[in-house]
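For reference, the structure is listed below as structure tokens.
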Amino acid sequence: MQPTRRRLVTAIAAFAAGPAAALPFPFPASAPPSSPASGADADAAPRPRVIVSTDIGGTDFDDFQSLVHLLLYSDLVDLEGLIASPWGEARDRKRHLLALIDVYERDYPKLRTWSDRYPTPDHLRRISSQGGSDLAPPQGWSTPTDGSRAIVAAARRADARPL
């Protein structure tokens, strides 16, 4: 297994097993994968507006992996929301988003050497919110959450780009 992948797998396992402070989770020292939108043209191109709703936490680690991947490419999009909307017990999982952002913060200076468009850890914390934590009733909705209010606010923002 490649060293970077081994660190990722170790970090995800550690995250699930204990507090995020114990994570040995550096982003790779090498450059993030290149993309067609990198370089001088990327600064001129409008970035898509993105809100991510995730059922992060629990025993399935795919969402941790996906969010790490998202953060690695977060210089290519305008992140406007990170919403924890889990299913199952212990549903207040915004804390998992915040713990992952704490890990991102440790490598943020390295990421900025590749692109000055990476969102700051403080920005990521500001856009993180808790979504629904109960079953929706038969009509499909119930009381508003911080996450649903964030979606509505972003949709109402004066911005011609699709959300």
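Scheme for the structure tokens: letters A, B, ... for chains in order shown; per-chain residue numbers from 1; ligand numbers from 1 in order shown.
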| Counting only C-alpha atoms, what is within 9 Å of Arg117 in chain A, bar same-chain residues fewer than 4 positions away, as a VMD selection string? | chain A and resid 43 74 to 77 112
Using only C-alpha atoms, determine which residues lie at most 7 Å from Ile101 in chain A, disregarding the query and same-chain residues fewer than 4 positions distant; provide the list as a PDB file with N, CA and C atoms, in the first residue's frame.
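Listing of selection-v5.pdb after writing:
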ATOM      1  N   LEU A  97     -17.626  16.944  11.207  1.00  0.00           N
ATOM      2  CA  LEU A  97     -17.183  17.927  10.215  1.00  0.00           C
ATOM      3  C   LEU A  97     -16.111  18.829  10.824  1.00  0.00           C
ATOM      4  N   GLU A 105      -6.857  21.999   8.825  1.00  0.00           N
ATOM      5  CA  GLU A 105      -6.156  23.213   9.252  1.00  0.00           C
ATOM      6  C   GLU A 105      -4.657  22.975   9.436  1.00  0.00           C
ATOM      7  N   PRO A 121      -9.729  27.415   7.055  1.00  0.00           N
ATOM      8  CA  PRO A 121     -10.425  26.563   8.028  1.00  0.00           C
ATOM      9  C   PRO A 121     -11.568  27.311   8.723  1.00  0.00           C
ATOM     10  N   LEU A 124     -14.580  27.239   6.514  1.00  0.00           N
ATOM     11  CA  LEU A 124     -15.205  25.919   6.537  1.00  0.00           C
ATOM     12  C   LEU A 124     -16.006  25.707   7.821  1.00  0.00           C
TER      13      LEU A 124
END
| Distance of CA of Phe64 in chain A from CA of Pro144 in chain A, expressed in Å to one decimal place | 25.3 Å
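When only C-alpha atoms are used to measure the gap to Leu67 in chain A, the shortest distance among A:Leu100, A:Ala155, A:Ala45, A:Leu79 belongs to A:Leu100.
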| message | Let's see if you can do this: from backbone DSSP, list all alpha helix (DSSP H) residues in range 84-115 of chain A, as a list in words. | response |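 Assigned to alpha helix (DSSP H), within range 84-115 of chain A: Lys94, Arg95, His96, Leu97, Leu98, Ala99, Leu100, Ile101, Asp102, Val103, Tyr104, Glu105, Arg106, Asp107, Tyr108, Pro109, Lys110, Leu111 and Arg112 of chain A.
Shortest separation to Gly132 in chain A among A:Ala84, A:Val50, A:Leu98, A:Ala154 occurs at residue A:Ala84, atoms counted being only C-alpha atoms.
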| task | Would you mind writing down, as a list of chain:residue names, each residue of range 43-124 of chain A that DSSP on the backbone assigns to strand (DSSP E or B)? | result |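 Residues meeting the strand (DSSP E or B) criterion: A:Arg49, A:Val50, A:Ile51, A:Val52, A:Ser53, A:Thr54, A:Asp78, A:Leu79, A:Glu80, A:Gly81, A:Leu82, A:Ile83, A:Ala84.
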| message | Just checking: using only C-alpha atoms, which residue out of A:Ala99, A:Tyr73, A:Ser128, A:Leu82 ends up closest to Ser115 in chain A? | response |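 Closest candidate: A:Tyr73.
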| remark: Of A:His123, A:Arg149, A:Arg161, A:His96, the one sitting nearest Phe61 in chain A when using only C-alpha atoms is A:His96
| query | Mind pulling up the distance from CA of Asp102 in chain A to CA of Val52 in chain A? | reply | 17.8 Å
